[in-house]
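All remarks here apply to the structure that follows.
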Amino acid sequence: MSTADFPSGSNSTVANSSSDFQLGLLNGDLTGGAARYGYFSDYSSVAGGSANASATPICYNTSTSIVLAGSAGNVQWQQSANGVSGWTNVSGGIGATTTTYSTPLMTTNTYYRAVLTKGTCPAVNSTVATVLVDPLTVVGTVSSNATVCSGANSGTLTLSGNVGSVVRWESSTDNFSTKTNIANVTNTLTYTNILASTKYRALVKSGVCSSGNSSSATITVDAPTVAGAVTSDATVCLGTNSGTLTLAGNTGSIVRWESSTNNFATSTTIANTTASQTYTNISSATKYRAVVKSGTCSAGNSASATISVNPVSVGGTVSGGASVCASGNSGTLTLKGYTGSIIRWESSTDNFATVTTIANTTINQAYSNLSKSTKYRAVVQSGSCATANSTAATIAVASPSAGGVLSGSTVVCPGNNSGVIKLSGYTGTVKGWESTTDATFGGFHTKSIANTTTTLAYSNVHETTKYRALVQSGACAAASPAPAVVTMAIAPSIGVVTGDATVCSGSNSGTITISGSTGSVDHWESSTDNFVTSAVIANTATSYNFTNVNKNTKYRAVLVSGCLTATTGSAAITVNAVSNGGVLSGDASVCSSGNSGQLTLVGNVGNILRWESSEDNFSTTTAIANTSATQVYTNLAKSKQYRVV
């Protein structure tokens, strides 16, 4: 207790001196006898004072302080829910009996006052302090999500379920990585003509409580429908055809495909939502398109692709085939009855096993100076259809007629004769035969023979007659071979035989020749007995070569003309035996004076030409003119040798 507790000039006395005195002692305020009773005159005064709280509300579940000012007495804080009744001493908090009271965590608005007491004085209440509590912020929910088409779009978003006020709205196109503030404090937000998907939210704040973002609503913006284009146009052939069309460049989903044969005056719906559309075996020109829709945007039709249908290629018929001769030919072929365009012409000499291409797209094809038979055809194509070949026209080219060669010329005897003439080496076809006894054909005695084979038989020809075949190759002029002649036989003339010769037996040779004869040599003959007997030699030449004849032999030829024969004169080949020196007899030993004798040659073959003598063993010789077979010698002075040649 201080001096302030006792107002100056007070002379009040304490009713209960014992207790007050004790209190004074405890406070150490008593300083002497006189003083002990002089300062207790205002001891019982009580002042309520003013209870002061922050004028600003606090947020839910936070605390605040209430300060009591100008009070006197002991403090007891009380609280009330309405500030009028139901006051109770505070529970919780700090400083319930001090001039500053810290509340517990507050959840509702609460009224506070202090009750002041002192001694036996009546209790006095302070003024009432009000603690306002703002509820926690509840951000609420924005509704509702929507999907709109880019460009002309609008809508309203609504915030509901929030506790607190809308501070602003926010929008973002990147999930609020960045945002745009919208100055709108109402619970509704209108959007218009947004071009990109956007999220919207509200920033909510309840009193002094922390603000928070509401859930967001997303306005999904669909890109405007871009229908794209179908690729690609095609031309197909009537009948079996197929292909695939593709939609590209579109924005949005494919709702369906459509086809039309009248430029979409009417259309056929195709239940296909893929980017590819197949077609098969269409029979008329057809357009195809896709119907595309991007989200909520309007559907659109793509650019269409046209499948044109060509009729099947028909090759047609080529007219103008002909048979021509290999030299100097020409003509024109013509194509008719075809369907499509003429791509080219083709020619072939081997039935189109190999082909020569002709750069000609007209209906007429000329040819000239062909040397081989050739086929021509046109190649026709209708649009994209497979090509077709026309029928082929043939230009049959015949090689120039060649008469060939006739065999069978012969000599016959009058009367009963016959034979066959044969044609070979010809070019063409045998059209017939002719015969004539005139020098040339075409005269009065020319006769036609109805024979188209390559052989002609004749019989009983009575005079020399010529025969020929008539040969024609295709359209070429006819030709005939050199005629075959059936000659009436005339006895052959034997002519002269030359070639007599004398030869040595053994190795010898020579030639015997016939000259000036008529007819032909049938064979030769030889004889060693003057043709009492003879040997046939198969030689039909007009000369005969002999070799190594060992006996005297005569040679002659037998000539033939048709059915007549004649024998030539002969040539004699005289054959000498081979020379043989023989043997001398008469060797003798004689005295150098008065000697004589005779030598004799025996066993020799050939004529004695001479004798020879020699004294030096025939290193040198002396000829003796003696052609007899004996040689006489007389009065020899030296030894001599003799021999015979």
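Going by the structure tokens order, chains are called A, B, ..., each with residues numbered from 1, while ligands are numbered from 1 in the order shown.
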Mind running region 601-638 of chain A against region 567-584 of chain A at 10 Å and telling me each contacting residue's nearest atom pair with the distance in Å (one decimal), counting only C-alpha atoms, chain and number ascending, as CSV?
residue,atom,partner,partner_atom,distance
A:Leu601,CA,A:Leu584,CA,4.5
A:Val602,CA,A:Val583,CA,5.3
A:Gly603,CA,A:Gly582,CA,4.4
A:Asn604,CA,A:Gly582,CA,3.7
A:Val605,CA,A:Asn580,CA,4.6
A:Gly606,CA,A:Ser579,CA,5.3
A:Asn607,CA,A:Ser579,CA,8.4
A:Ile608,CA,A:Gly581,CA,8.7
A:Ala629,CA,A:Leu584,CA,9.1
A:Thr630,CA,A:Leu584,CA,9.0
A:Gln631,CA,A:Leu584,CA,9.9
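Using only C-alpha atoms for every distance, the candidate list A:Thr487, A:Thr117, A:Thr158, A:Ser401 yields A:Thr487 as the residue closest to Cys563 (chain A).
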### Query
So what do you get for CA of Gly243 (chain A) versus CA of Ser313 (chain A), distance-wise?
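Distance reported for this atom pair: 19.7 Å.
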### Query
So which residues touch region 49-52 of chain A within 8 Å, counting only C-alpha atoms, skipping near sequence neighbours fewer than 5 positions away, as a PyMOL selection string?
chain A and resi 66-72+112-114+125-129
Grab the residues selected above and save them as an mmCIF file, in the first residue's frame with C-alpha atoms.
data_model
loop_
_atom_site.group_PDB
_atom_site.id
_atom_site.type_symbol
_atom_site.label_atom_id
_atom_site.label_comp_id
_atom_site.auth_asym_id
_atom_site.auth_seq_id
_atom_site.Cartn_x
_atom_site.Cartn_y
_atom_site.Cartn_z
ATOM 1 C CA ILE A 66 -7.128 -6.559 -23.688
ATOM 2 C CA VAL A 67 -5.670 -3.743 -21.620
ATOM 3 C CA LEU A 68 -7.412 -2.187 -18.586
ATOM 4 C CA ALA A 69 -6.732 1.488 -17.991
ATOM 5 C CA GLY A 70 -7.833 3.932 -15.190
ATOM 6 C CA SER A 71 -8.980 1.204 -12.876
ATOM 7 C CA ALA A 72 -8.609 0.813 -9.108
ATOM 8 C CA TYR A 112 -14.681 -8.778 -22.138
ATOM 9 C CA ARG A 113 -14.788 -6.615 -18.960
ATOM 10 C CA ALA A 114 -12.861 -6.344 -15.775
ATOM 11 C CA ASN A 125 -17.127 -3.176 -13.694
ATOM 12 C CA SER A 126 -14.884 -1.701 -16.311
ATOM 13 C CA THR A 127 -16.121 -0.711 -19.710
ATOM 14 C CA VAL A 128 -16.764 -3.613 -22.099
ATOM 15 C CA ALA A 129 -14.140 -4.417 -24.759
#
Hey, could you make a per-residue contact list for region 89-159 of chain A against region 295-302 of chain A with 10 Å as the cut-off, showing the nearest pair of atoms and its distance in Å to one decimal, counting only C-alpha atoms, sorted by chain and number, as a tab-separated table?
residue	atom	partner	partner_atom	distance
A:Thr147	CA	A:Thr296	CA	6.8
A:Val148	CA	A:Thr296	CA	5.8
A:Cys149	CA	A:Cys297	CA	5.0
A:Ser150	CA	A:Cys297	CA	7.8
A:Gly151	CA	A:Cys297	CA	9.8
Next, write the just-selected residues to a file, as a tab-separated table (two decimals), in the first residue's frame, keeping C-alpha atoms as the atom set.
chain	number	residue	atom	x	y	z
A	147	THR	CA	-15.54	-26.15	-73.78
A	148	VAL	CA	-16.01	-23.44	-76.36
A	149	CYS	CA	-14.91	-22.75	-79.89
A	150	SER	CA	-12.12	-20.26	-80.41
A	151	GLY	CA	-13.32	-16.83	-81.42
### Message
What's around region 586-595 of chain A at 6 Å? Count only C-alpha atoms, leave out sequence neighbours fewer than 5 positions away in its own chain, and write the answer as a list in words.
### Response
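Contacts, with the query itself left out: Thr634, Asn635 and Ala637 of chain A.
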Just write the chosen residues, all heavy atoms, as a PDB file, in the first residue's frame.
ATOM      1  N   THR A 634      92.814-112.642-178.884  1.00  0.00           N
ATOM      2  CA  THR A 634      94.034-113.280-179.408  1.00  0.00           C
ATOM      3  C   THR A 634      95.217-112.445-179.014  1.00  0.00           C
ATOM      4  O   THR A 634      95.128-111.211-178.878  1.00  0.00           O
ATOM      5  CB  THR A 634      93.994-113.393-180.948  1.00  0.00           C
ATOM      6  OG1 THR A 634      93.866-112.096-181.510  1.00  0.00           O
ATOM      7  CG2 THR A 634      92.846-114.283-181.415  1.00  0.00           C
ATOM      8  N   ASN A 635      96.371-113.216-178.800  1.00  0.00           N
ATOM      9  CA  ASN A 635      97.692-112.593-178.586  1.00  0.00           C
ATOM     10  C   ASN A 635      97.649-111.474-177.546  1.00  0.00           C
ATOM     11  O   ASN A 635      98.146-110.358-177.779  1.00  0.00           O
ATOM     12  CB  ASN A 635      98.248-112.051-179.910  1.00  0.00           C
ATOM     13  CG  ASN A 635      98.423-113.185-180.948  1.00  0.00           C
ATOM     14  OD1 ASN A 635      98.843-114.287-180.598  1.00  0.00           O
ATOM     15  ND2 ASN A 635      98.073-112.926-182.195  1.00  0.00           N
ATOM     16  N   ALA A 637      98.862-109.452-174.493  1.00  0.00           N
ATOM     17  CA  ALA A 637     100.182-109.290-173.881  1.00  0.00           C
ATOM     18  C   ALA A 637     100.032-109.049-172.382  1.00  0.00           C
ATOM     19  O   ALA A 637     101.002-109.216-171.639  1.00  0.00           O
ATOM     20  CB  ALA A 637     100.908-108.096-174.524  1.00  0.00           C
TER      21      ALA A 637
END
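Note that the spacing between CA of Ser507 (chain A) and CA of Val532 (chain A) amounts to 26.2 Å.
Among A:Thr88, A:Ser143, A:Asn213, A:Ser347, the residue with the shortest atom-to-atom distance to Val379 (chain A), counting only C-alpha atoms, is A:Ser347.
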### Message
Give me, as a ChimeraX atom specification, all polymer residues having an atom no more than 7 Å from Val632 (chain A), counting only C-alpha atoms and skipping those fewer than 4 positions away in the same chain.
### Response
/A:597-599
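Near Ile624 (chain A), within 7 Å and counting only C-alpha atoms, sit A:Arg610, A:Trp611, A:Glu612; same-chain residues fewer than 4 positions away were not included.
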### Task
List the neighbours of Ser435 (chain A) out to 6 Å using only C-alpha atoms; skip same-chain residues closer than 2 positions along the sequence, and give me the result as a PyMOL selection string.
chain A and resi 446-447+466-467
Residues from the last selection, all heavy atoms, saved as a JSON list (two decimals), in the first residue's frame:
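What ended up in out_13.json:
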[["chain", "number", "residue", "atom", "x", "y", "z"],
["A", 446, "THR", "N", 4.63, -75.20, -177.40],
["A", 446, "THR", "CA", 4.69, -75.16, -175.93],
["A", 446, "THR", "C", 3.37, -75.67, -175.36],
["A", 446, "THR", "O", 2.29, -75.25, -175.79],
["A", 446, "THR", "CB", 4.94, -73.73, -175.43],
["A", 446, "THR", "OG1", 6.21, -73.28, -175.93],
["A", 446, "THR", "CG2", 4.94, -73.68, -173.92],
["A", 447, "LYS", "N", 3.49, -76.61, -174.41],
["A", 447, "LYS", "CA", 2.31, -77.21, -173.80],
["A", 447, "LYS", "C", 2.35, -76.99, -172.28],
["A", 447, "LYS", "O", 3.41, -77.05, -171.66],
["A", 447, "LYS", "CB", 2.25, -78.70, -174.10],
["A", 447, "LYS", "CG", 2.08, -79.02, -175.57],
["A", 447, "LYS", "CD", 2.04, -80.54, -175.78],
["A", 447, "LYS", "CE", 1.87, -80.91, -177.25],
["A", 447, "LYS", "NZ", 1.85, -82.37, -177.47],
["A", 466, "LYS", "N", 12.16, -80.12, -174.23],
["A", 466, "LYS", "CA", 12.56, -79.32, -173.07],
["A", 466, "LYS", "C", 11.39, -79.26, -172.07],
["A", 466, "LYS", "O", 10.24, -79.12, -172.47],
["A", 466, "LYS", "CB", 12.95, -77.91, -173.49],
["A", 466, "LYS", "CG", 14.20, -77.86, -174.37],
["A", 466, "LYS", "CD", 14.49, -76.42, -174.79],
["A", 466, "LYS", "CE", 15.75, -76.38, -175.67],
["A", 466, "LYS", "NZ", 16.06, -75.01, -176.12],
["A", 467, "TYR", "N", 11.76, -79.31, -170.79],
["A", 467, "TYR", "CA", 10.76, -79.23, -169.71],
["A", 467, "TYR", "C", 11.18, -78.15, -168.71],
["A", 467, "TYR", "O", 12.37, -77.97, -168.42],
["A", 467, "TYR", "CB", 10.64, -80.57, -168.97],
["A", 467, "TYR", "CG", 10.12, -81.70, -169.82],
["A", 467, "TYR", "CD1", 11.00, -82.52, -170.54],
["A", 467, "TYR", "CD2", 8.75, -81.95, -169.91],
["A", 467, "TYR", "CE1", 10.53, -83.55, -171.32],
["A", 467, "TYR", "CE2", 8.28, -82.99, -170.69],
["A", 467, "TYR", "CZ", 9.16, -83.79, -171.40],
["A", 467, "TYR", "OH", 8.70, -84.82, -172.18]]
### Pairwise distance for CA of Leu559 (chain A) and CA of Thr533 (chain A), rounded to one decimal in Å
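Atom-to-atom, CA of Leu559 (chain A) and CA of Thr533 (chain A) are spaced 18.6 Å apart.
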### Message
Restricting the calculation to only C-alpha atoms: of A:Asn626, A:Ser319, A:Asn360, A:Thr349, which residue gets closest to Ala393 (chain A)?
### Response
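For Ala393 (chain A), the nearest of the given residues is A:Ser319.
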### Query
Pick from A:Asn153, A:Val471, A:Ala477, A:Thr180: nearest to Tyr426 (chain A), with only C-alpha atoms counted?
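Between A:Asn153, A:Val471, A:Ala477, A:Thr180, the residue approaching Tyr426 (chain A) most closely is A:Val471.
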